[in-house]
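A quick write-up on the structure given underneath.
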Amino acid sequence: MASIRFLGAAGTVTGSRFLVEAAGRRVLVDSGLFQGPKEYRLRNWAPFPVEPSGLDAVVLTHAHIDHSGALPLLVRSGFQAEAWCTPATADLARVLLPDSAKLQEEEARYANEKGYSKHAPRALPLYDLADAAGAIARLRTLQYGTPREIVSGFTLAFSRAGHILGSASALLTLPGNDGAPLRLLFSGDLGRYDAPILPDPEAPPAADFLVVESTYGDRDHPAVSAAVDLEREILAAVARGGAIVVPSFAIGRAQEVLFLLRELEQAGRIPALPVFVDSPMATAATPIYRAHREDHDAEMDALLARGIDPFTPTRLTFTRTPEQSKAINRVVGPCIIVSASGMATGGRVLHHLEHRLPDAASTVLLVGYQAAGTRGWSLQNGAATVRMHGKDVPVRARVVSLPGFSAHGDRAEVGRWMDGAVRPPRRTFCVHGEPTALAAQAARIAARGWLVHVPRHLETVELG
Ligand SMILES: [Zn+2]
């Protein structure tokens with residue numbers, strides 16, 4: 001009996017994990033960590049619903065931790081098979097998984113120092129660097145558009161999803177109950193049309209069943225241009241004479257910001273300011289973004305063919321050491337500091353904010369989603385002070401949100417992607433969204449005349 005079981009990202013956004021079973025084989029599509037509220041994060045600690053050693057393969061749609069971050073956990077619990085992904089996803093995972101392991105180790109160390117681990121004599125990390133290395137050793141790569149049998153009877157094919165470098169939709173063809181093959185398509189996270197760097201999401205291949213992301217199922221992005229907003233705010237910041245701090249996700253968003261800065265400079269729309277990338281992960285990810293030609297759109301191709309580095313504004317510095325990072329504090333006058341984390345929950349951006357927020361000439365540009373409860377969210381909502389390193393830092397800088405940046409297609413764009421289906425799937429499952437977004441997306445899919453379902457956490461559905 002062929003079936004799918006929704007082990008995560010069902011009724012919520014994070015923890016993407018979908019177990020596909022057929023003909024006695026088990027393939028897990030995505031193995032993400034749950035993030036956000038504690039009730040979800042606790043799920044990371046629960047025993048995996050199936051024995052990891054019994055999995056025949058894992059497929060990763062992309063490298064974001066909510067899709068890949070549980071792979072080290074599986075390895076720690078006995079997973080020994082192969083984990084399939086695109087070449088760029090493998091390269092990004094080599095950066096992201098060890099970083100995730102370090103965060104887990106730091107959290108455990110902190111709990112032990114503060115003594116708030118009540119139940120065990122010592123808090124243990126969810127996984128450690130050795131587990132991340134073990135996960136990386138399991139990675140196997142598959143190019144877009146080249147179907148391959150990854151497990152006896154299971155064929156995998158990737159198509160471009162345009163979300164981050166290496167992101168893919170995954171088509172699994174598996175043995176159906178009557179012996180005829182079943183085609184099960186996972187959208188993965190879908191990106192935007194006409195975005196810089198990456199090509200548009202590819203139209204979905206024909207499928208019997210579709211599992212579609214619903215992050216923005218109830219919303220459209222505002223009709224603004226990231227480049228136009230960025231230009232306006234940089235010019236305003238230059239007029240104020242202060243620094244511009246850009247808290248940014250290190251992978252994807254940082255490269256997009258660099259791309260637009262170079263483009264605006266070359267077009268003569270902004271002056272060539274000193275630009276600092278102060279994030280070891282963004283520094284590691286940028287050459288990966290440059291190297292993977294198979295993930296580039298025509299504009300990227302054309303720039304690289306002309307010998308132009310699309311991620312290099314004229315006065316760019318990647319800081320390497322903590323000393324170089326601290327030295328940015330001494331830069332007087334307009335400059336741009338791109339630093340992680342994107343919601344100011346940690347990372348080097350904290351010391352830049354601590355230094356620049358009290359300065360009324362400075363500007364903070366929020367170029368990413370700010371989850372409730374984060375410092376980025378407080379800034380976005382006009383907080384007079386934010387707490388950092390044990391003190392309340394006054395916010396005198398100008399804080400601006402630039403909503404034109406998003407790595408997720410909105411309601412209309414995911415609709416456009418589904419419009420490309422050659423025939424309706426027999427059934428569509430809405431995942432990876434908050435409940436209101438899932439309900440709205442399901443209603444729109446039902447309005448197409450498609451059979452649709454919003455699965456519950458741990459629900460199993462037979463694919464008859
Ligand atoms: Zn993602």
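Residue numbering restarts at 1 in every chain; chains get A, B, ... in the order shown in the structure tokens, and ligands count up from 1 in that same order.
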| said: Residues within 8 Å of region 382-396 of chain A, please, as a ChimeraX atom specification. Count only C-alpha atoms; anything in the same chain fewer than 4 positions from it doesn't count. | reply: /A:350,354,357-360,375,378
Generate a file of the selected residues that holds all heavy atoms, formatted as a compact mmCIF listing (two decimals), in the first residue's frame.
# COMPACT_ATOMS: atom_id res chain seq x y z
N LEU A 350 24.43 41.95 16.14
CA LEU A 350 24.08 42.51 17.44
C LEU A 350 25.04 43.62 17.84
O LEU A 350 24.62 44.67 18.32
CB LEU A 350 24.07 41.42 18.52
CG LEU A 350 22.93 40.40 18.43
CD1 LEU A 350 22.93 39.52 19.67
CD2 LEU A 350 21.58 41.09 18.27
N GLU A 354 24.06 47.46 18.50
CA GLU A 354 24.35 48.06 19.80
C GLU A 354 25.11 49.38 19.60
O GLU A 354 24.85 50.37 20.28
CB GLU A 354 25.20 47.07 20.61
CG GLU A 354 25.25 47.38 22.08
CD GLU A 354 26.02 46.30 22.84
OE1 GLU A 354 26.28 45.21 22.28
OE2 GLU A 354 26.38 46.57 24.00
N LEU A 357 22.48 51.83 16.85
CA LEU A 357 21.08 52.21 17.16
C LEU A 357 20.97 53.52 17.95
O LEU A 357 20.04 54.30 17.70
CB LEU A 357 20.37 51.07 17.92
CG LEU A 357 19.84 49.91 17.07
CD1 LEU A 357 19.29 48.81 17.98
CD2 LEU A 357 18.75 50.37 16.10
N PRO A 358 21.88 53.79 18.90
CA PRO A 358 21.75 55.05 19.65
C PRO A 358 22.06 56.29 18.82
O PRO A 358 21.84 57.41 19.27
CB PRO A 358 22.78 54.90 20.78
CG PRO A 358 23.07 53.43 20.86
CD PRO A 358 22.93 52.92 19.46
N ASP A 359 22.58 56.12 17.60
CA ASP A 359 23.01 57.24 16.77
C ASP A 359 21.88 57.64 15.82
O ASP A 359 21.49 56.88 14.93
CB ASP A 359 24.26 56.81 15.98
CG ASP A 359 24.66 57.84 14.94
OD1 ASP A 359 24.17 59.00 15.02
OD2 ASP A 359 25.44 57.49 14.04
N ALA A 360 21.36 58.85 15.99
CA ALA A 360 20.21 59.31 15.21
C ALA A 360 20.53 59.43 13.71
O ALA A 360 19.63 59.46 12.88
CB ALA A 360 19.71 60.65 15.74
N ARG A 375 14.24 40.49 18.22
CA ARG A 375 14.65 41.90 18.30
C ARG A 375 14.28 42.63 17.01
O ARG A 375 13.89 43.80 17.02
CB ARG A 375 16.15 42.00 18.52
CG ARG A 375 16.59 41.59 19.90
CD ARG A 375 18.05 41.95 20.13
NE ARG A 375 18.53 41.30 21.34
CZ ARG A 375 19.03 40.06 21.36
NH1 ARG A 375 19.13 39.36 20.26
NH2 ARG A 375 19.42 39.54 22.51
N SER A 378 10.82 43.71 17.27
CA SER A 378 10.69 44.89 18.15
C SER A 378 11.07 46.16 17.41
O SER A 378 10.39 47.18 17.50
CB SER A 378 11.60 44.74 19.38
OG SER A 378 11.25 43.60 20.12
Write out as CSV a residue-level contact list of chain A versus ligand 1 with cut-off 8 Å: for each qualifying residue the closest pair of atoms and the distance in Å to one decimal, counting only C-alpha atoms and all ligand atoms, rows sorted by chain and residue number upward.
residue,atom,partner,partner_atom_place_in_ligand_line,distance
A:His62,CA,ligand 1,1 (Zn),6.7
A:Ala63,CA,ligand 1,1 (Zn),7.3
A:His64,CA,ligand 1,1 (Zn),5.0
A:Ile65,CA,ligand 1,1 (Zn),7.9
A:Asp66,CA,ligand 1,1 (Zn),7.1
A:His67,CA,ligand 1,1 (Zn),6.9
A:His163,CA,ligand 1,1 (Zn),6.7
A:Ile164,CA,ligand 1,1 (Zn),7.0
A:Ser167,CA,ligand 1,1 (Zn),8.0
A:Gly188,CA,ligand 1,1 (Zn),7.8
A:Asp189,CA,ligand 1,1 (Zn),5.3
A:Ala407,CA,ligand 1,1 (Zn),7.6
A:His408,CA,ligand 1,1 (Zn),7.8
| message | Just want the 9 Å neighbourhood of Glu413 (chain A), counted on only C-alpha atoms, with same-chain residues fewer than 6 positions away dropped. Output as a list in words. | response |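 My reading of the contact set: Leu190, Gly191, Arg192, Tyr193 and Asp220 of chain A.
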Next, write the just-selected residues to a file, as a PDB file, in the first residue's frame, keeping N, CA, C and O atoms as the atom set.
ATOM      1  N   LEU A 190       8.767  27.449  -2.820  1.00  0.00           N
ATOM      2  CA  LEU A 190       8.774  28.052  -4.158  1.00  0.00           C
ATOM      3  C   LEU A 190       9.206  29.508  -4.063  1.00  0.00           C
ATOM      4  O   LEU A 190       8.754  30.243  -3.172  1.00  0.00           O
ATOM      5  N   GLY A 191      10.056  29.915  -4.999  1.00  0.00           N
ATOM      6  CA  GLY A 191      10.548  31.290  -5.002  1.00  0.00           C
ATOM      7  C   GLY A 191       9.657  32.209  -5.813  1.00  0.00           C
ATOM      8  O   GLY A 191       8.505  31.889  -6.119  1.00  0.00           O
ATOM      9  N   ARG A 192      10.223  33.346  -6.177  1.00  0.00           N
ATOM     10  CA  ARG A 192       9.451  34.377  -6.863  1.00  0.00           C
ATOM     11  C   ARG A 192       9.813  34.431  -8.337  1.00  0.00           C
ATOM     12  O   ARG A 192      10.899  34.040  -8.734  1.00  0.00           O
ATOM     13  N   TYR A 193       8.893  34.948  -9.103  1.00  0.00           N
ATOM     14  CA  TYR A 193       9.154  35.143 -10.531  1.00  0.00           C
ATOM     15  C   TYR A 193       9.885  36.471 -10.712  1.00  0.00           C
ATOM     16  O   TYR A 193       9.660  37.421  -9.963  1.00  0.00           O
ATOM     17  N   ASP A 220      -0.659  38.398  -0.656  1.00  0.00           N
ATOM     18  CA  ASP A 220       0.209  38.758  -1.774  1.00  0.00           C
ATOM     19  C   ASP A 220       1.259  39.728  -1.253  1.00  0.00           C
ATOM     20  O   ASP A 220       1.002  40.499  -0.321  1.00  0.00           O
TER      21      ASP A 220
END
| query | Using only C-alpha atoms, which residues sit within 7 Å of Ile336 (chain A) once same-chain residues fewer than 4 positions away are excluded, as a VMD selection string? | reply | chain A and resid 243 to 245 273 to 276
Pull N, CA, C and O atoms from the residues just selected and write them as an mmCIF file, in the first residue's frame.
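Output below, filename result_5.cif:
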data_model
loop_
_atom_site.group_PDB
_atom_site.id
_atom_site.type_symbol
_atom_site.label_atom_id
_atom_site.label_comp_id
_atom_site.auth_asym_id
_atom_site.auth_seq_id
_atom_site.Cartn_x
_atom_site.Cartn_y
_atom_site.Cartn_z
ATOM 1 N N ALA A 243 25.680 55.459 9.287
ATOM 2 C CA ALA A 243 25.857 54.099 8.774
ATOM 3 C C ALA A 243 24.502 53.455 8.502
ATOM 4 O O ALA A 243 23.480 53.852 9.075
ATOM 5 N N ILE A 244 24.534 52.447 7.615
ATOM 6 C CA ILE A 244 23.329 51.672 7.311
ATOM 7 C C ILE A 244 23.597 50.234 7.746
ATOM 8 O O ILE A 244 24.507 49.590 7.227
ATOM 9 N N VAL A 245 22.819 49.748 8.711
ATOM 10 C CA VAL A 245 22.975 48.370 9.167
ATOM 11 C C VAL A 245 21.854 47.539 8.538
ATOM 12 O O VAL A 245 20.685 47.912 8.620
ATOM 13 N N LEU A 273 29.515 53.316 -1.771
ATOM 14 C CA LEU A 273 29.832 53.416 -0.339
ATOM 15 C C LEU A 273 30.678 52.217 0.074
ATOM 16 O O LEU A 273 30.631 51.172 -0.569
ATOM 17 N N PRO A 274 31.428 52.350 1.185
ATOM 18 C CA PRO A 274 32.067 51.144 1.734
ATOM 19 C C PRO A 274 30.972 50.144 2.138
ATOM 20 O O PRO A 274 30.004 50.528 2.810
ATOM 21 N N VAL A 275 31.108 48.906 1.688
ATOM 22 C CA VAL A 275 30.139 47.849 2.029
ATOM 23 C C VAL A 275 30.893 46.763 2.783
ATOM 24 O O VAL A 275 31.909 46.258 2.297
ATOM 25 N N PHE A 276 30.418 46.427 3.969
ATOM 26 C CA PHE A 276 31.035 45.360 4.759
ATOM 27 C C PHE A 276 30.073 44.189 4.852
ATOM 28 O O PHE A 276 28.909 44.372 5.232
#
| Nearest to Val400 (chain A) among A:His351, A:Arg76, A:Arg17, A:Arg232, with distances taken over only C-alpha atoms: which residue is it? |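 Of the candidates, the smallest distance to Val400 (chain A) is held by A:Arg232.
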| task | Select, from A:Arg5, A:Arg456, A:Arg219, A:Arg306, the residue with the minimum atom-to-atom distance to Arg444 (chain A), counting only C-alpha atoms. | result | A:Arg219
| Could you work out how far CA of Thr173 (chain A) lies from CA of Tyr144 (chain A), giving the answer in Å with one decimal? |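 Rounded to one decimal, the two atoms are 15.3 Å apart.
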| task | With a distance cut-off of 8 Å and only C-alpha atoms, select the neighbouring residues of region 340-345 of chain A, excluding the residue or stretch itself and same-chain residues fewer than 2 positions from it, and output the selection as a ChimeraX atom specification. | result | /A:247-250,278-279,282,338,347-350,367-371,374-377
Next, the residues of the selection above should be written as a compact mmCIF listing (two decimals), in the first residue's frame with C-alpha atoms.
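Below you can see again.txt, which holds the result:
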# COMPACT_ATOMS: atom_id res chain seq x y z
CA PRO A 247 20.42 42.55 9.39
CA SER A 248 20.26 39.82 6.77
CA PHE A 249 19.85 36.10 6.38
CA ALA A 250 23.31 34.91 5.41
CA ASP A 278 30.23 40.83 8.41
CA SER A 279 28.92 37.28 8.61
CA ALA A 282 27.38 34.92 4.21
CA VAL A 338 25.37 43.55 5.94
CA GLY A 347 25.31 36.84 15.41
CA ARG A 348 27.63 39.75 14.71
CA VAL A 349 24.78 42.07 13.73
CA LEU A 350 24.08 42.51 17.44
CA VAL A 367 15.15 43.23 4.49
CA GLY A 368 13.60 40.03 5.81
CA TYR A 369 10.68 38.57 7.63
CA GLN A 370 10.80 39.39 11.38
CA ALA A 371 9.14 36.72 13.52
CA THR A 374 12.59 38.71 17.93
CA ARG A 375 14.65 41.90 18.30
CA GLY A 376 14.05 42.54 14.59
CA TRP A 377 10.33 42.42 15.25
| field | Close residues, Gly69 (chain A) itself excluded, 12 Å, only C-alpha atoms, min 4 positions apart in chain, as a PyMOL selection string | value | chain A and resi 14-17+30-35+44+60-65+73-75+92-101+103-104+126-128+131-132+135-136
| task | Quick one: pull the distance between CA of Val431 (chain A) and CA of Met1 (chain A), Å, one decimal. | result | 22.5 Å
| field | alpha helix (DSSP H) call set, DSSP backbone run, region 214-394 of chain A, as a PyMOL selection string | value | chain A and resi 226-240+253-266+280-291+298-305+322-327+349-356+375-380
| field | From A:Thr460, A:Arg330, A:Gly415, A:Gln380, residue lying nearest Ala447 (chain A) [only C-alpha atoms] | value |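 Of the candidates, the smallest distance to Ala447 (chain A) is held by A:Gly415.
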| message | Considering only C-alpha atoms, can you say which of A:Glu323, A:Pro47, A:Leu129, A:Leu172 comes closest to Arg148 (chain A)? | response |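 Looking only at the distances to Arg148 (chain A), the closest residue turns out to be A:Leu172.
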| task | Apply DSSP to the backbone of this structure and, from region 65-245 of chain A, keep only the residues in strand (DSSP E); write these as a ChimeraX atom specification. | result | /A:82-85,139-141,148-151,154-160,168-175,181-186,209-213,244-245
Which neighbours of Leu182 (chain A) fall inside 8 Å, counting only C-alpha atoms, when residues of the same chain fewer than 3 positions from it are skipped, and could you give them as a CSV table (one decimal) with C-alpha atoms, in the first residue's frame?
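Okay, part-v6.csv is ready:
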chain,number,residue,atom,x,y,z
A,173,THR,CA,7.8,8.1,-9.0
A,174,LEU,CA,7.0,5.0,-7.0
A,175,PRO,CA,5.1,1.7,-7.3
A,176,GLY,CA,1.3,2.2,-6.9
A,207,ALA,CA,1.8,14.4,-11.0
A,208,ASP,CA,-0.9,12.2,-9.4
| task | Have a look at A:Glu105, A:Glu462, A:Glu51, A:Asp297 and name the one nearest to Ala2 (chain A); count only C-alpha atoms. | result |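 The shortest atom-to-atom distance to Ala2 (chain A) comes from A:Glu462.
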| message | Ranking A:Pro425, A:His296, A:Pro222, A:Ala285 by minimum distance to Ala412 (chain A) and counting only C-alpha atoms, which one comes first? | response |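 For Ala412 (chain A), the nearest of the candidates is A:Pro222.
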| said: Between CA of Ser68 (chain A) and CA of Ala90 (chain A), what distance in Å does the model show, to one decimal? | reply: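 Atom-to-atom, CA of Ser68 (chain A) to CA of Ala90 (chain A), that is 10.2 Å.
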